[in-house]
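Engineer: Let me begin by handing over the structure; questions about it come next.
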Amino acid sequence: MKNTFFGGVHPNDRKAATASKATEVLAAPAEVIIPMSMHVGAPCAPEVAKGDYVFKGQRIGSSPAPVSAPIHASVSGTVKAVEPRLHPNGTKVMSVVIENDMQEALHESVVPCADPAALTPEEITQIVKEKGITGMGGAAFPTHFKISSGVGKVDTLIVNGAECEPYITSDHRTMLELTNEVIEGVRLAVRATGVKTAVIAVENNKKDAIAALEAALTDEDRKTISVMGLRVRYPQGSEKQLIQSVTGKQVPPGGLPASVGCSIMNVFTCYCIYRAVYEGMPAIERIVTISGSAVNEPKNLLAKVGTPVSALFDACGGFKTQPDKILQGGPMMGIAQFSTEFPIIKNTNAILALGKEENRSVEDPTCIRCGKCITVCPMKLKPIYMYQYEQKGDLEMLTKLNVTDCTECGSCAYTCPGRLYLVHSFRTAKQMLINAKNAQQQKEGK
Ligand code: SF4
Ligand code: SF4
């Protein structure tokens with residue numbers, strides 16, 4: 001069935017604090033910290049050393065692996081250090097630290113394409129690869145690999161503008177403020193992927209964005225590209241749920257979107273494709289929503305990749321109360337942070353500072369066996385049993401319960417009256433299964 005999916009929840013969207021605020025350009029910081037891993041796949045090796053001068057847009061890290069994305073300097077200046085620094089994933093990751101000379105001196109490779117209309121699909125894909133474009137909404141999968149691996153298998157491109165997580169409005173503002181650029185990025189993505197149909201899917205709580213996108217389509221566009229309003233229900237923007245809502249097709253357990261002929265790209269990814277082709281600019285900036293009740297003045301900010309999060313909070317007037325929790329991402333899928341000294345990366349769409357009343361953590365989480373988690377799981381899993389078997393370390397039962405199909409959407413944790421740390425438990429369970437598989441392969445000498 002189209003336009004719906006099983007399960008899900010309807011959290012208070014709390015988007016009003018920033019939804020109608022135009023994006024402000026954040027002043028470039030004195031120093032940027034650029035991690036060599038901001039994507040799914042092989043991390044990049046640094047191509048610069050301490051003391052080197054780098055230009056804005058210059059490639060500073062790359063990998064020969066097929067699944068990877070090069071990394072570029074977001075400012076011009078001098079490399080101050082190449083060393084492990086705090087990453088939003090909570091670990092230390094090799095990073096290039098650049099002291100900004102505030103000159104915005106562009107690298108010679110940052111040149112617009114002379115004739116975008118004449119580009120072949122392969123040439124568009126090559127530009128996407130060289131400019132380091134990754135998924136900007138979710139897992140940061142390298143976009144060039146998504147395009148090239150889907151050619152011939154994918155007939156529908158779904159442009160994800162659902163933005164279903166509470167608080168976050170960065171994609172909403174992108175669709176409103178950069179409408180023509182997003183549409184041109186979609187046209188380029190259609191040409192690169194060779195799809196017959198592209199659907200820009202937006203939750204119905206963003207009617208102004210839907211209207212703006214509709215108005216920007218030409219009659220020629222409408223033969224291929226359409227805009228679809230979606231029911232407001234979390235996790236509408238999750239890949240499998242989005243595919244079901246837009247096409248009525250169900251991705252089989254363990255399957256990829258391409259298995260049902262679909263490819264998904266975030267709206268900001270499409271904007272980045274536009275910029276890469278029309279300006280020659282790599283993925284070095286991101287619109288980020290800064291929100292949460294502890295923030296003085298929530299905003300949408302256009303910030304350079306590598307900007308310390310503390311600078312974004314400062315631009316919002318700092319904190320009005322001591323935050324109870326700082327998150328990279330939304331409250332459902334975001335990663336808790338213990339410092340504000342980590343940098344924003346390519347796919348950072350929000351940083352939240354939640355006050356006491358918004359933090360749902362409790363000291364003594366207890367299951368009351370209500371079964372609500374089972375009724376809301378959009379993947380039709382059994383969260384309570386997965387939790388119990390993770391606690392026991394029972395890998396066999398975790399495998400039988402398909403814990404690896406968990407998308408970590410957080411619907412179960414949101415609905416759980418016992419406030420169990422369900423998503424954390426499933427992340428742990430998946431890691432336990434990976435560790436067991438690696439240990440088995442080592443034993444067998446593979
Ligand atoms: S078990 Fe996983 S997929 Fe299901 S609701 Fe919980 S987090 Fe979402
Ligand atoms: S929703 Fe929470 S309390 Fe209810 S069964 Fe699931 S884990 Fe237990």
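Each chain in the structure tokens gets a letter, A, B and so on, in the order shown; residues start at 1 in every chain, and ligands are counted from 1 in the order they appear.
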Can you check which residues of range 53-173 of chain A DSSP gives as alpha helix (DSSP H) on the backbone and send them as a PyMOL selection string?

Structural biologist: chain A and resi 121-130+143-150+170-173

Engineer: If you count only C-alpha atoms and all ligand atoms, which residues end up within 6 Å of ligand 1, as a ChimeraX atom specification?

Structural biologist: /A:377-379,381,383,406-412,423

Engineer: As a quick test: using only C-alpha atoms and all ligand atoms, which residues lie no more than 9 Å away from ligand 2? Give them as a count of residues only.

Structural biologist: 28

Engineer: Take CA of Glu24 in chain A and CA of Glu297 in chain A and report the distance between them in Å, one decimal.

Structural biologist: 12.4 Å

Engineer: Against range 68-82 of chain A, which residues of range 93-115 of chain A fall within 10 Å? For each one I want the closest pair of atoms and the distance in Å (one decimal), counting only C-alpha atoms, rows by chain and increasing residue number, as JSON lines.

Structural biologist:
```
{"residue": "A:Met94", "atom": "CA", "partner": "A:Val82", "partner_atom": "CA", "distance": 6.9}
{"residue": "A:Ser95", "atom": "CA", "partner": "A:Val82", "partner_atom": "CA", "distance": 5.6}
{"residue": "A:Val96", "atom": "CA", "partner": "A:Val82", "partner_atom": "CA", "distance": 4.6}
{"residue": "A:Val97", "atom": "CA", "partner": "A:Ala81", "partner_atom": "CA", "distance": 5.1}
{"residue": "A:Ile98", "atom": "CA", "partner": "A:Val79", "partner_atom": "CA", "distance": 4.4}
{"residue": "A:Glu99", "atom": "CA", "partner": "A:Thr78", "partner_atom": "CA", "distance": 5.2}
{"residue": "A:Asn100", "atom": "CA", "partner": "A:Gly77", "partner_atom": "CA", "distance": 4.6}
{"residue": "A:Asp101", "atom": "CA", "partner": "A:Gly77", "partner_atom": "CA", "distance": 4.7}
{"residue": "A:Met102", "atom": "CA", "partner": "A:Ser76", "partner_atom": "CA", "distance": 7.0}
{"residue": "A:Gln103", "atom": "CA", "partner": "A:Ser76", "partner_atom": "CA", "distance": 6.5}
{"residue": "A:Glu104", "atom": "CA", "partner": "A:Ser76", "partner_atom": "CA", "distance": 5.4}
{"residue": "A:Ala105", "atom": "CA", "partner": "A:Ser76", "partner_atom": "CA", "distance": 5.6}
{"residue": "A:Leu106", "atom": "CA", "partner": "A:Ser76", "partner_atom": "CA", "distance": 7.3}
{"residue": "A:His107", "atom": "CA", "partner": "A:Ser76", "partner_atom": "CA", "distance": 8.6}
```

Engineer: Please produce an output containing C-alpha atoms for each residue in the selection, written as a CSV table (one decimal), in the first residue's frame.

Structural biologist:
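part07.csv, written as the output of this step:
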```csv
chain,number,residue,atom,x,y,z
A,94,MET,CA,42.8,11.3,12.3
A,95,SER,CA,42.1,15.0,11.4
A,96,VAL,CA,43.6,17.9,9.6
A,97,VAL,CA,43.6,21.0,11.7
A,98,ILE,CA,43.8,24.2,9.6
A,99,GLU,CA,44.5,27.7,11.0
A,100,ASN,CA,42.2,29.9,8.9
A,101,ASP,CA,44.0,32.9,7.3
A,102,MET,CA,40.5,34.4,6.6
A,103,GLN,CA,41.5,35.0,2.9
A,104,GLU,CA,39.0,32.4,1.4
A,105,ALA,CA,41.7,31.8,-1.2
A,106,LEU,CA,40.2,29.3,-3.6
A,107,HIS,CA,42.1,26.3,-5.0
```

Engineer: Can you pull out the residues contacting Asn12 in chain A? Cut-off 10 Å, using only C-alpha atoms, and skip same-chain residues under 6 positions away; I want them as a list in words.

Structural biologist: Glu165, Pro166 and Tyr167 of chain A

Engineer: Kindly save the residues from that selection, with N, CA and C atoms included, as a tab-separated table (two decimals), in the first residue's frame.

Structural biologist:
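What follows is the written file selection35.tsv:
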```tsv
chain	number	residue	atom	x	y	z
A	165	GLU	N	12.58	13.81	11.78
A	165	GLU	CA	13.05	13.90	13.18
A	165	GLU	C	12.61	15.22	13.81
A	166	PRO	N	12.16	15.18	15.07
A	166	PRO	CA	11.81	16.42	15.76
A	166	PRO	C	12.97	17.43	15.75
A	167	TYR	N	12.64	18.69	15.88
A	167	TYR	CA	13.56	19.83	15.97
A	167	TYR	C	14.22	20.22	14.65
```

Engineer: Taking only C-alpha atoms into account, produce a table as a Markdown table in which each residue of range 178-261 of chain A with an atom at most 8 Å from an atom of range 269-293 of chain A appears once, together with its shortest atom pair and the distance in Å to one decimal, ordered by chain and rising number.

Structural biologist:
```
| residue | atom | partner | partner_atom | distance |
| --- | --- | --- | --- | --- |
| A:Leu178 | CA | A:Tyr271 | CA | 7.6 |
| A:Glu181 | CA | A:Tyr271 | CA | 5.7 |
| A:Val182 | CA | A:Tyr271 | CA | 4.6 |
| A:Ile183 | CA | A:Cys270 | CA | 7.7 |
| A:Glu184 | CA | A:Tyr274 | CA | 6.1 |
| A:Gly185 | CA | A:Tyr274 | CA | 4.4 |
| A:Val186 | CA | A:Cys270 | CA | 5.6 |
| A:Leu188 | CA | A:Tyr274 | CA | 7.4 |
| A:Ala189 | CA | A:Cys270 | CA | 7.2 |
```

Engineer: Fewer than 2 positions away in the same chain doesn't count, so skip those; otherwise give me all residues within 10 Å of Pro64 in chain A, counting only C-alpha atoms, as a list in words.

Structural biologist: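 Contacts, in chain order: Ala42, Pro43, Cys44, Ala45, Ser62, Pro66, Val67, Ser68, Ala69 and Pro70 of chain A.
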